[in-house]
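Some notes on the structure that comes next.
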Amino acid sequence: MSACQTQEVSTTTYSESRSSWQDQNRQRRFSAEMTLSDAEKALDKRLDDMRSKLLQSYRDNNFYPTARNFYHVKSEIEQTELFQTFQKMPKGGLLHAHDLALGSAWYIVDDAIAREHCYVYWAEEGEQYIKGQLHFFAENDVPEGFQSVREMAQNEPDFRQQLHDLLTFDAWTTPDSINIWKEFEPMFQRRLGYINYKAVFEDYYYAAFDSLLKDNIQHVELRSIISPSIYDLEHEGGYYPRDSMVNFFRKSLRRIQQKAPQFSLKLIYTGLRFLPRPIICADLVAAFRTKKANPDLVVGYDLVGEEDGGYPTLYHLDCWDNMDSLSREYGVDMPLFLHDGESNWHDNTNLYDALLLRTQRIGHGINLFRFPYLEEKVMENDICLEICPLSNQILKYTPDLRIHPGLAYLSKGIPISISSDDPSVFGYEGLSYDYWTVYMAWGLDLRDMKQISKNGILYGALSEAEKKKALASWEEAWGAFVQSF
Ligand SMILES: [Zn+2]
């Protein structure tokens, strides 16, 4: 055998080994079971070509969007054919979003201008109010510092834009040096008095659900602070009882279902992790009561707020310990959907508690990679991670989305879904920006995207019958999407 022949055999063996290793890697992926039809394979190729062209031009220009501040690249993303294709793609379920941060911020601005009795705090920040805080008041009962939104819009030419800026993030509010949560939490304070006004609530959520439909999302699960906070100016006492909020959600849902019968909604009752234990324990009791009264809509419980700024999940152990007896008392279970692992700190160990407490899904789980044993538990129990790529970038956890741990999770076979978390605060709607981002940043293919889309329903908190129906609608929409090319 000549030296030349030896080299040839060796090269073939090397190449076979390499290809076999690539297959082995593929078989571990979360989408390993997903198969594509010929039409889907053609679409896969088409998407890949679009990405290759974009990558070439980004590399030539030393400009890579998913490693840059979202607000500096948003308009670039919008102009791409790939983004327009993802807008059309059925995106199953949006499993992680917060009610006050859904829909369009421009809708809030324009609707606030159009409504009677709507006021905005437009003065130096005080103890109680912050600039841009919206609220409805009777004419003779307006606190100092509040101005009529309608009059402000008439008298200040730039008011509309200024109010929008106060309700959303932009490149200016997200430089590296500030604690972003200090900017983030006031966004909710500004919106609350507008959204929870009775005459607004139903219309706002109808419009928000409609914006999801336009982005081809058929199912949504909202983290909601279900509380007696809906108010009006007509009835004595002003506020409606806790269950009314669920009923108003139900009304918005029924309205949108007249237009799109396949659209579905579930609510995850949400407490604030920075509140003291006795308040959370009492809140959990209220959650059981609310779920018992509304088994069609309320599906579980979660705690929200900055993890590293609030109490750890373990701090509330007494409340979690009480859950079995509450379950017996109320005759309903209370699955947990815990926001945990949304942290870059080594000493954040909330994921131990999320898993010991048998969470149904994990909100974020960014730092799961620090705990290999917990990764095994997540896989063993088929727990879906609700990955929110743009939220993680905007809130400073993962500035370069190419190395977001979500890619490692899905590569190991951990189920993930993609969510937008607080899109209205981040200045966008729907899920297409997040889909574009993971497709570009993680080198995914159509099997992965299809799996992500389907996981939004597979891991949704739907009954078996609801899931069957939802999957049938999703299959039909997916088929139509593929055929449209
Ligand atoms: Zn969240």
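Each chain in the structure tokens gets a letter, A, B, ..., in the order shown, and its residues are numbered from 1; ligands are numbered from 1 in order too.
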Polymer residues at most 7 Å from A:Phe288, only C-alpha atoms, same-chain spacing of 4 or more positions, as a PyMOL selection string = chain A and resi 284+292+330+334
Sorted by chain and rising residue number, which residues of chain A lie within 10 Å of ligand 1, and what are their closest atom pairs and distances in Å to one decimal, counting only C-alpha atoms and all ligand atoms, as CSV?
residue,atom,partner,partner_atom_place_in_ligand_line,distance
A:Leu95,CA,ligand 1,1 (Zn),9.9
A:His96,CA,ligand 1,1 (Zn),6.2
A:Ala97,CA,ligand 1,1 (Zn),6.1
A:His98,CA,ligand 1,1 (Zn),6.3
A:Ala101,CA,ligand 1,1 (Zn),9.8
A:Leu222,CA,ligand 1,1 (Zn),9.5
A:Arg223,CA,ligand 1,1 (Zn),7.7
A:Asp302,CA,ligand 1,1 (Zn),9.8
A:Leu303,CA,ligand 1,1 (Zn),9.4
A:Val304,CA,ligand 1,1 (Zn),6.8
A:Gly305,CA,ligand 1,1 (Zn),8.0
A:Glu306,CA,ligand 1,1 (Zn),9.4
A:Leu338,CA,ligand 1,1 (Zn),9.5
A:His339,CA,ligand 1,1 (Zn),6.6
A:Asp340,CA,ligand 1,1 (Zn),9.5
A:Glu342,CA,ligand 1,1 (Zn),8.9
A:Gly363,CA,ligand 1,1 (Zn),6.5
A:His364,CA,ligand 1,1 (Zn),7.6
A:Glu386,CA,ligand 1,1 (Zn),9.0
A:Ile387,CA,ligand 1,1 (Zn),9.7
A:Cys388,CA,ligand 1,1 (Zn),8.2
A:Ser391,CA,ligand 1,1 (Zn),8.4
A:Asn392,CA,ligand 1,1 (Zn),9.8
A:Ser419,CA,ligand 1,1 (Zn),9.1
A:Ser420,CA,ligand 1,1 (Zn),8.5
A:Asp421,CA,ligand 1,1 (Zn),4.9
A:Asp422,CA,ligand 1,1 (Zn),7.0
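Here atom CA of A:Tyr206 and atom CA of A:Glu78 stand 24.8 Å from one another.
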key: Filtered DSSP result for stretch 259-424 of chain A, state strand (DSSP E or B), as number ranges by chain   = A: 264-272, 298-304, 336-340, 361-364, 384-387, 416-418, 421
Those same residues - N, CA and C atoms - I'd like them written as a CSV table (one decimal), in the first residue's frame.
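Contents of the output file again.csv:
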chain,number,residue,atom,x,y,z
A,264,SER,N,-56.6,30.9,22.6
A,264,SER,CA,-56.9,30.5,24.0
A,264,SER,C,-56.0,31.2,24.9
A,265,LEU,N,-56.4,31.3,26.2
A,265,LEU,CA,-55.8,32.1,27.2
A,265,LEU,C,-55.8,31.3,28.5
A,266,LYS,N,-54.7,31.4,29.3
A,266,LYS,CA,-54.6,30.9,30.6
A,266,LYS,C,-54.0,31.9,31.5
A,267,LEU,N,-54.3,32.0,32.8
A,267,LEU,CA,-53.7,33.0,33.7
A,267,LEU,C,-52.9,32.3,34.8
A,268,ILE,N,-51.7,32.8,35.0
A,268,ILE,CA,-50.9,32.3,36.1
A,268,ILE,C,-51.0,33.3,37.2
A,269,TYR,N,-51.6,33.0,38.3
A,269,TYR,CA,-51.7,33.9,39.4
A,269,TYR,C,-50.3,34.3,40.0
A,270,THR,N,-50.1,35.5,40.1
A,270,THR,CA,-48.7,36.0,40.3
A,270,THR,C,-48.6,36.8,41.6
A,271,GLY,N,-47.6,36.5,42.4
A,271,GLY,CA,-47.3,37.3,43.6
A,271,GLY,C,-45.9,38.0,43.4
A,272,LEU,N,-45.6,38.9,44.3
A,272,LEU,CA,-44.3,39.6,44.1
A,272,LEU,C,-43.3,39.1,45.1
A,298,VAL,N,-57.6,30.0,35.5
A,298,VAL,CA,-56.5,30.1,36.4
A,298,VAL,C,-55.8,28.8,36.5
A,299,VAL,N,-54.5,28.7,36.2
A,299,VAL,CA,-53.9,27.4,36.1
A,299,VAL,C,-52.7,27.2,37.1
A,300,GLY,N,-52.3,28.2,37.8
A,300,GLY,CA,-51.2,28.0,38.7
A,300,GLY,C,-50.7,29.3,39.3
A,301,TYR,N,-49.5,29.2,39.9
A,301,TYR,CA,-49.0,30.3,40.7
A,301,TYR,C,-47.5,30.5,40.4
A,302,ASP,N,-47.1,31.8,40.5
A,302,ASP,CA,-45.7,32.1,40.3
A,302,ASP,C,-45.4,33.4,41.2
A,303,LEU,N,-44.1,33.6,41.4
A,303,LEU,CA,-43.6,34.8,42.0
A,303,LEU,C,-42.7,35.6,41.0
A,304,VAL,N,-43.0,36.9,41.0
A,304,VAL,CA,-42.2,37.7,40.0
A,304,VAL,C,-41.4,38.8,40.7
A,336,LEU,N,-47.0,25.1,40.1
A,336,LEU,CA,-46.1,26.3,40.1
A,336,LEU,C,-45.5,26.4,38.8
A,337,PHE,N,-45.3,27.7,38.4
A,337,PHE,CA,-44.7,28.0,37.1
A,337,PHE,C,-43.6,29.1,37.5
A,338,LEU,N,-42.6,28.6,38.2
A,338,LEU,CA,-41.7,29.6,38.9
A,338,LEU,C,-40.7,30.3,38.0
A,339,HIS,N,-40.7,31.6,38.1
A,339,HIS,CA,-39.6,32.4,37.6
A,339,HIS,C,-38.4,32.1,38.4
A,340,ASP,N,-37.4,31.4,37.9
A,340,ASP,CA,-36.2,31.1,38.7
A,340,ASP,C,-35.0,30.9,37.8
A,361,ARG,N,-43.1,24.4,34.8
A,361,ARG,CA,-42.1,24.9,33.8
A,361,ARG,C,-41.2,25.8,34.6
A,362,ILE,N,-40.2,26.3,33.9
A,362,ILE,CA,-39.3,27.2,34.6
A,362,ILE,C,-39.3,28.5,33.8
A,363,GLY,N,-39.6,29.6,34.5
A,363,GLY,CA,-39.5,30.9,33.8
A,363,GLY,C,-38.0,31.3,33.8
A,364,HIS,N,-37.5,31.4,32.6
A,364,HIS,CA,-36.1,31.7,32.3
A,364,HIS,C,-35.1,30.6,32.5
A,384,CYS,N,-40.3,22.2,30.8
A,384,CYS,CA,-39.9,23.1,29.7
A,384,CYS,C,-39.4,24.5,30.3
A,385,LEU,N,-38.3,24.9,29.6
A,385,LEU,CA,-37.8,26.3,30.0
A,385,LEU,C,-38.4,27.3,29.2
A,386,GLU,N,-38.9,28.4,29.8
A,386,GLU,CA,-39.5,29.5,29.0
A,386,GLU,C,-38.3,30.5,28.8
A,387,ILE,N,-37.7,30.4,27.6
A,387,ILE,CA,-36.5,31.2,27.4
A,387,ILE,C,-37.0,32.5,26.7
A,416,ILE,N,-37.5,23.6,25.3
A,416,ILE,CA,-37.6,25.0,25.6
A,416,ILE,C,-38.8,25.6,24.7
A,417,SER,N,-39.3,26.7,25.2
A,417,SER,CA,-40.2,27.5,24.3
A,417,SER,C,-39.6,28.9,24.3
A,418,ILE,N,-40.0,29.7,23.3
A,418,ILE,CA,-39.5,31.0,23.2
A,418,ILE,C,-40.6,32.0,23.6
A,421,ASP,N,-41.8,37.8,27.2
A,421,ASP,CA,-41.7,38.4,28.6
A,421,ASP,C,-42.5,39.7,28.8
task = Fewer than 4 positions away in the same chain doesn't count, so skip those; otherwise give me all residues within 9 Å of stretch 110-126 of chain A, counting only C-alpha atoms, as a PyMOL selection string.
result = chain A and resi 105-106+130-139+142-153+160+163+190+194+200+204
Preceding selection exported with C-alpha atoms as an mmCIF file, in the first residue's frame:
data_model
loop_
_atom_site.group_PDB
_atom_site.id
_atom_site.type_symbol
_atom_site.label_atom_id
_atom_site.label_comp_id
_atom_site.auth_asym_id
_atom_site.auth_seq_id
_atom_site.Cartn_x
_atom_site.Cartn_y
_atom_site.Cartn_z
ATOM 1 C CA ALA A 105 -47.501 50.910 24.015
ATOM 2 C CA TRP A 106 -48.753 53.219 21.238
ATOM 3 C CA ILE A 130 -43.747 59.126 39.203
ATOM 4 C CA LYS A 131 -43.669 61.106 35.972
ATOM 5 C CA GLY A 132 -45.747 59.416 33.277
ATOM 6 C CA GLN A 133 -47.992 57.573 35.755
ATOM 7 C CA LEU A 134 -51.494 57.245 34.316
ATOM 8 C CA HIS A 135 -54.712 57.190 36.325
ATOM 9 C CA PHE A 136 -58.386 58.054 35.960
ATOM 10 C CA PHE A 137 -59.946 60.556 38.376
ATOM 11 C CA ALA A 138 -63.238 62.376 38.765
ATOM 12 C CA GLU A 139 -62.848 66.008 37.690
ATOM 13 C CA VAL A 142 -57.501 65.149 40.757
ATOM 14 C CA PRO A 143 -54.350 64.986 42.951
ATOM 15 C CA GLU A 144 -51.713 67.665 42.614
ATOM 16 C CA GLY A 145 -49.228 67.073 39.801
ATOM 17 C CA PHE A 146 -51.689 65.238 37.519
ATOM 18 C CA GLN A 147 -52.682 66.804 34.186
ATOM 19 C CA SER A 148 -55.408 65.830 31.749
ATOM 20 C CA VAL A 149 -53.835 63.544 29.125
ATOM 21 C CA ARG A 150 -56.103 64.990 26.452
ATOM 22 C CA GLU A 151 -55.112 68.576 27.263
ATOM 23 C CA MET A 152 -51.426 67.677 27.431
ATOM 24 C CA ALA A 153 -51.691 66.173 23.944
ATOM 25 C CA ARG A 160 -47.358 61.692 22.555
ATOM 26 C CA LEU A 163 -45.398 59.588 27.091
ATOM 27 C CA ARG A 190 -47.020 54.037 35.045
ATOM 28 C CA TYR A 194 -54.616 53.028 33.039
ATOM 29 C CA VAL A 200 -60.147 50.255 29.595
ATOM 30 C CA TYR A 204 -56.869 46.787 26.204
#
inquiry  = Ranking A:Asn196, A:Gln56, A:Thr66, A:Thr12 by minimum distance to A:Ile108 and counting only C-alpha atoms, which one comes first?
reply    =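 Residue with the minimum atom-to-atom distance to A:Ile108: A:Asn196.
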request  = Check the smallest atom-to-atom distance from each of A:His346, A:Met449, A:Tyr435, A:Lys454 to A:Leu471 using only C-alpha atoms, then report the winner.
outcome  =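 Selected residue with least distance to A:Leu471: A:Lys454.
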query = Counting only C-alpha atoms, which of A:Asp333, A:Asp215, A:Asp210, A:Asp38 gets nearest to A:Gln258?
reply = A:Asp210
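The shell of residues at most 10 Å from A:Phe485, with only C-alpha atoms counted and near chain neighbours (fewer than 3 positions) removed, consists of Ala39, Glu40, Ala42, Leu43, Arg46, Thr85, Ala480, Phe481 and Val482 of chain A.
Our summary of the geometry notes that atom CA of A:Gly237 is positioned 29.4 Å from atom CA of A:Gly103.
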query = Suppose you want the space between atom CA of A:Asp99 and atom CA of A:Ser224; what is it in Å?
reply = 5.6 Å
query = A:Asp232: which residues within 6 Å, counting only C-alpha atoms, same-chain residues fewer than 3 positions away excluded, as a PyMOL selection string?
reply = chain A and resi 197-198+238
Keeping only C-alpha atoms, take the residues you just selected and write them out as an mmCIF file, in the first residue's frame.
data_model
loop_
_atom_site.group_PDB
_atom_site.id
_atom_site.type_symbol
_atom_site.label_atom_id
_atom_site.label_comp_id
_atom_site.auth_asym_id
_atom_site.auth_seq_id
_atom_site.Cartn_x
_atom_site.Cartn_y
_atom_site.Cartn_z
ATOM 1 C CA TYR A 197 -59.528 51.095 34.873
ATOM 2 C CA LYS A 198 -62.687 49.092 34.231
ATOM 3 C CA GLY A 238 -64.337 52.217 43.516
#
task = Name the residues of stretch 207-259 of chain A that come out as helix (DSSP H, G or I) in a backbone DSSP run; write them as a PyMOL selection string.
result = chain A and resi 207-214+242-259
Using C-alpha atoms, can you export the residues from the last selection as an mmCIF file, in the first residue's frame?
data_model
loop_
_atom_site.group_PDB
_atom_site.id
_atom_site.type_symbol
_atom_site.label_atom_id
_atom_site.label_comp_id
_atom_site.auth_asym_id
_atom_site.auth_seq_id
_atom_site.Cartn_x
_atom_site.Cartn_y
_atom_site.Cartn_z
ATOM 1 C CA ALA A 207 -56.330 44.744 21.440
ATOM 2 C CA ALA A 208 -53.358 42.921 22.993
ATOM 3 C CA PHE A 209 -54.758 39.494 22.027
ATOM 4 C CA ASP A 210 -55.440 40.834 18.550
ATOM 5 C CA SER A 211 -51.800 41.890 18.234
ATOM 6 C CA LEU A 212 -50.778 38.310 19.146
ATOM 7 C CA LEU A 213 -53.107 36.914 16.503
ATOM 8 C CA LYS A 214 -51.584 39.234 13.901
ATOM 9 C CA ARG A 242 -60.537 39.938 42.925
ATOM 10 C CA ASP A 243 -62.598 37.492 40.850
ATOM 11 C CA SER A 244 -63.914 40.350 38.701
ATOM 12 C CA MET A 245 -60.494 40.673 37.106
ATOM 13 C CA VAL A 246 -60.694 37.072 35.906
ATOM 14 C CA ASN A 247 -64.199 37.743 34.599
ATOM 15 C CA PHE A 248 -63.005 40.790 32.659
ATOM 16 C CA PHE A 249 -60.213 38.685 31.147
ATOM 17 C CA ARG A 250 -62.854 36.117 30.211
ATOM 18 C CA LYS A 251 -64.883 38.820 28.445
ATOM 19 C CA SER A 252 -61.861 39.919 26.387
ATOM 20 C CA LEU A 253 -61.166 36.296 25.545
ATOM 21 C CA ARG A 254 -64.737 35.667 24.395
ATOM 22 C CA ARG A 255 -64.609 38.769 22.218
ATOM 23 C CA ILE A 256 -61.396 37.697 20.507
ATOM 24 C CA GLN A 257 -62.704 34.153 20.118
ATOM 25 C CA GLN A 258 -65.596 35.525 18.066
ATOM 26 C CA LYS A 259 -62.953 36.604 15.592
#
task = Show which residues sit within 7 Å of A:Thr35, as a ChimeraX atom specification. Count only C-alpha atoms, and ignore same-chain residues fewer than 2 positions away.
result = /A:33,37,447
request  = Just the residues within 10 Å of A:Leu82, please, counting only C-alpha atoms, with nothing from its chain fewer than 6 positions along; format it as a ChimeraX atom specification.
outcome  = /A:46-51,54,432,435-436,439-440
